[in-house]
Every structure is written in C-alpha cells, then in structure tokens.
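See below for the structure under consideration.
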Amino acid sequence: MKIVTTIADALAQARAKRRVLVPTMGALHKAHGELIRVARESAGKDGEVAVSIFVNPLQFQPGGDYDRYPRPEKADEEFCRNAGVDLLFRPLAENVYATDRSTFVEETSLSSTLEGKSRPGHFRGVCTVVAKLFNILAPDAAVFGEKDFQQLAIIRRMVRDLNFNIGIIAVPTMREEDGLACSSRNQYLNSEEREQATVLFKALTAARHARKKSANDVVALARKIINEEPLARIDYVEVADAETLKPVEITGPNSVLLLAVSFGKTRLIDNMRLV
Ligand code: PAF
C-alpha cells in the first residue's frame with residue numbers, strides 16, 4: 001500500500017489503471033470495510049482502490065465535535081493495509097485549504113432540508129472537500145454509504161451539475177447485530193445511550209412494516225417509538241422523496257424515512273426506504 005500525504009505527491013501519481021475512491025474521515029470500522037470491498041469489486045483485481053482519510057474542518061459546526069473526532073492513525077493505516085487498499089491519501093488540513101481560500105462548492109436545493117437545515121454550511125463543506133478529492137485523485141468512480149442518504153443525493157447532484165466524469169456507487173447501510181447503523185460516532189455513546197440508540201432501527205422498521213400511506217402517520221409512529229427511550233432527543237423525523245428530498249404527504253415506492261436523534265452529546269442519523 002502506497003501512503004501519500006501531500007497534494008503534490010497525490011497529483012503526481014501516474015494512473016494507468018481504473019481507480020475507485022472511498023472518501024472517509026477515518027476512524028474506520030466494518031462499514032468502511034464494506035465500502036472498500038465494493039470499491040475493489042468495481043476496480044477489479046488489476047484496478048486500484050484508493051482511500052482518503054481527512055477530517056474535514058469545513059463540514060463541522062462551530063462548537064461541534066471537530067476537535068474530539070477520533071483520529072486513530074495507526075489503526076486506520078493497518079485497517080487499510082488489511083483491506084487490500086492500494087493507495088492511502090492522508091493529507092494535513094493545512095495542506096488541503098489555503099488560509100485565504102475563497103472558493104467553495106455549494107449545492108443549493110437538496111442541501112436546504114434535513115441535515116442542511118440542522119447543520120448550516122455542512123454540505124458546502126462536504127461538496128467542497130469531495131470536489132477537491134475528485135480533482136486531486138481523479139478517480140473513475142467513488143463509493144459512498146447510504147447511511148448518509150442526503151450526502152449521497154447531493155454528491156450525485158454535484159457530479160451531474162459540474163460534469164465530473166466519475167461514477168457514484170451507493171452501498172447499503174451496514175448495521176450492528178442489534179440494528180444500529182455503523183458510524184464512527186457510535187463510539188461516543190456510553191452503555192446506556194448505546195442500548196437506547198437501538199430504538200432508531202426499531203422505529204424505522206416498525207414504520208416501514210406498518211405500511212401506512214400517510215407520511216404524517218409514518219412520522220407519528222416513528223416519533224412515538226423513539227420517544228419511549230428517555231435519553232432520545234429527536235431533531236427531525238421526516239418522510240421525503242428519495243431523489244428530490246422534498247417532503248411527501250402520501251408514501252410511495254420512492255419514499256424514504258429519515259431521522260436525526262441525539263443521545264447525550266451524540267447525534268445519530270439513519271434512514272430507511274419505506275417500500
Ligand atoms: O461521509 C464522510 O465520511 C464525509 O462526509 C466525506 C464524504 C468523507 C467528506 O468529508
């Protein structure tokens with residue numbers, strides 16, 4: 001595995017083979033392992049799997065968890081090596097952003113709801129860094145998890161609108177045995193919070209199986225289940241169209257239930273297709 005830490009070195013990497021990128025912020029876990037596996041499948045044995053690890057300051061809220069975000073460098077490196085990654089790009093923040101930076105990438109429609117409403121500027125940070133990674137590493141395809149459903153929709157839109165010649169590959173959410181969606185932030189949860197956080201999967205599956213037509217009824221059912229856990233603080237529970245992310249009133253084949261709920265200081269997101 002080649003490890004590259006400067007942009008100049010990354011740009012200088014000759015690329016004769018198909019390259020598939022898995023952009024991450026590190027603290028790698030089994031869901032990243034799945035993204036890397038899918039990247040390998042897409043790259044083929046002669047292609048190249050690249051992983052970027054960069055905790056992107058631009059996508060964190062002021063006073064958010066940027067400083068305490070886990071950065072287990074050695075373990076991440078080992079993880080990538082064991083997963084058969086060919087290229088690990090791990091730049092320093094000061095090399096990625098010029099201090100007088102004044103250019104950003106902003107998607108202005110899909111970003112206005114859900115996470116975008118709760119975390120202003122978050123998707124501007126995500127789009128800016130992903131566009132930079134696309135320019136620096138020039139992948140043929142990039143792999144993203146469906147857990148960050150809105151992020152995936154926004155990246156697809158950015159790729160379409162800005163004509164990046166890069167295929168976007170979506171990977172279904174990977175879950176722990178009790179249903180909790182894998183996330184680097186799960187490690188912040190204490191044991192009581194961790195136990196109660198399983199309510200998210202319960203609420204999503206119950207809402208899905210109830211097969212209610214009215215989105216209000218779906219949301220009410222999910223909220224009721226989540227509120228049974230005393231530590232859960234709901235930010236949003238919404239039914240949206242999977243492409244436009246606009247709220248829907250009557251659920252259909254393209255409806256997705258999305259939620260953000262905090263347990264203590266840890267905010268978790270999850271989602272599920274309704275049909
Ligand atoms: O999903 C993430 O880990 C991040 O938002 C991403 C896509 C790596 C951009 O920093």
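Note on naming: chains are A, B, ... as they come in the structure tokens, residues start from 1 per chain, ligands start from 1 in the order shown.
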
* **Test item: residues lying within 7 Å of ligand 1 with only C-alpha atoms and all ligand atoms, as a VMD selection string** => chain A and resid 23 to 25 54 to 56 126 129 to 130 148

Same residues, N, CA and C atoms, saved as an mmCIF file, in the first residue's frame:
data_model
loop_
_atom_site.group_PDB
_atom_site.id
_atom_site.type_symbol
_atom_site.label_atom_id
_atom_site.label_comp_id
_atom_site.auth_asym_id
_atom_site.auth_seq_id
_atom_site.Cartn_x
_atom_site.Cartn_y
_atom_site.Cartn_z
ATOM 1 N N PRO A 23 -13.884 7.921 -0.131
ATOM 2 C CA PRO A 23 -13.542 9.078 0.711
ATOM 3 C C PRO A 23 -14.031 8.829 2.138
ATOM 4 N N THR A 24 -13.192 9.076 3.138
ATOM 5 C CA THR A 24 -13.582 8.843 4.532
ATOM 6 C C THR A 24 -12.984 9.931 5.422
ATOM 7 N N MET A 25 -13.470 9.948 6.659
ATOM 8 C CA MET A 25 -12.841 10.809 7.659
ATOM 9 C C MET A 25 -12.099 9.947 8.686
ATOM 10 N N PHE A 54 -9.484 12.123 5.787
ATOM 11 C CA PHE A 54 -9.304 13.544 6.059
ATOM 12 C C PHE A 54 -10.488 14.038 6.888
ATOM 13 N N VAL A 55 -10.215 14.474 8.112
ATOM 14 C CA VAL A 55 -11.281 15.033 8.957
ATOM 15 C C VAL A 55 -11.438 16.481 8.515
ATOM 16 N N ASN A 56 -12.510 16.710 7.788
ATOM 17 C CA ASN A 56 -12.685 17.957 7.043
ATOM 18 C C ASN A 56 -13.261 19.065 7.935
ATOM 19 N N VAL A 126 -18.898 19.537 2.749
ATOM 20 C CA VAL A 126 -18.779 18.201 2.157
ATOM 21 C C VAL A 126 -18.511 18.317 0.654
ATOM 22 N N VAL A 129 -14.946 19.608 -0.167
ATOM 23 C CA VAL A 129 -13.843 18.660 0.016
ATOM 24 C C VAL A 129 -13.940 17.497 -0.977
ATOM 25 N N VAL A 130 -15.151 17.040 -1.258
ATOM 26 C CA VAL A 130 -15.286 15.909 -2.190
ATOM 27 C C VAL A 130 -14.860 16.353 -3.600
ATOM 28 N N ASP A 148 -25.585 7.963 4.995
ATOM 29 C CA ASP A 148 -25.623 9.412 4.778
ATOM 30 C C ASP A 148 -26.411 9.664 3.496
#

* Find the residues around Leu245 (chain A) up to 10 Å (only C-alpha atoms counted), leave out those fewer than 5 positions away in its own chain, and share them as a list of chain:residue names. => A:Ser109, A:Leu110, A:Ser111, A:Ser112, A:Thr113, A:Leu114, A:Phe149, A:Gln150, A:Ala153, A:Ile154, A:Glu238, A:Val239, A:Ala240, A:Ser255, A:Val256, A:Leu258

Include C-alpha atoms and write out the residues we just selected as an mmCIF file, in the first residue's frame.
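In the end it all went to again16.cif:
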data_model
loop_
_atom_site.group_PDB
_atom_site.id
_atom_site.type_symbol
_atom_site.label_atom_id
_atom_site.label_comp_id
_atom_site.auth_asym_id
_atom_site.auth_seq_id
_atom_site.Cartn_x
_atom_site.Cartn_y
_atom_site.Cartn_z
ATOM 1 C CA SER A 109 -31.543 22.675 -3.452
ATOM 2 C CA LEU A 110 -31.162 19.265 -1.808
ATOM 3 C CA SER A 111 -28.987 20.836 0.898
ATOM 4 C CA SER A 112 -31.736 23.073 2.202
ATOM 5 C CA THR A 113 -33.635 20.406 4.180
ATOM 6 C CA LEU A 114 -32.982 17.787 6.879
ATOM 7 C CA PHE A 149 -28.560 9.387 2.408
ATOM 8 C CA GLN A 150 -28.759 13.131 1.862
ATOM 9 C CA ALA A 153 -28.032 12.505 -3.148
ATOM 10 C CA ILE A 154 -26.126 15.793 -3.003
ATOM 11 C CA GLU A 238 -39.342 13.108 8.034
ATOM 12 C CA VAL A 239 -40.584 11.246 5.002
ATOM 13 C CA ALA A 240 -39.031 12.566 1.803
ATOM 14 C CA SER A 255 -40.269 7.418 -0.211
ATOM 15 C CA VAL A 256 -37.592 7.336 2.427
ATOM 16 C CA LEU A 258 -35.007 9.929 7.529
#

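Minimum atom-to-atom distance to Glu243 (chain A), evaluated using only C-alpha atoms, belongs to A:Gln151 out of A:Arg15, A:His209, A:Gln151, A:Leu137.
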
* Structure fact -> For Gly179 (chain A), the closest of A:Gln13, A:Asn271, A:Asp235, A:Glu107 counting only C-alpha atoms is A:Asn271

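Nearest to Arg90 (chain A) of all the residues A:Lys2, A:Lys147, A:Lys246, A:Arg211 is A:Lys2, based on only C-alpha atoms.
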
* Find, counting only C-alpha atoms, the residue in A:Gly26, A:Pro139, A:Gly167, A:Pro72 that gets nearest to Val49 (chain A). =>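 Of the candidates, the smallest distance to Val49 (chain A) is held by A:Pro139.
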
* Contact residues around Thr173 (chain A) with only C-alpha atoms at 10 Å, ignoring same-chain residues under 4 positions, as JSON, numbers by chain -> {"A": [31, 34, 35, 144, 145, 146, 147, 148, 149, 180, 181, 182, 183, 270, 271, 272]}

* **Spatial neighbours of Asp65 (chain A), 10 Å, only C-alpha atoms, chain gap at least 5 places, as a PyMOL selection string** => chain A and resi 57+60+70+185+265-266

* When you draw a straight line from CA of Glu229 (chain A) to CA of Asp178 (chain A), how long is it in Å? ->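 We find that CA of Glu229 (chain A) and CA of Asp178 (chain A) lie 15.7 Å from each other.
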
* Would you mind reading off the distance between CA of Val51 (chain A) and CA of Leu88 (chain A), one decimal, in Å? =>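 Result for CA of Val51 (chain A) versus CA of Leu88 (chain A): 5.0 Å, one decimal.
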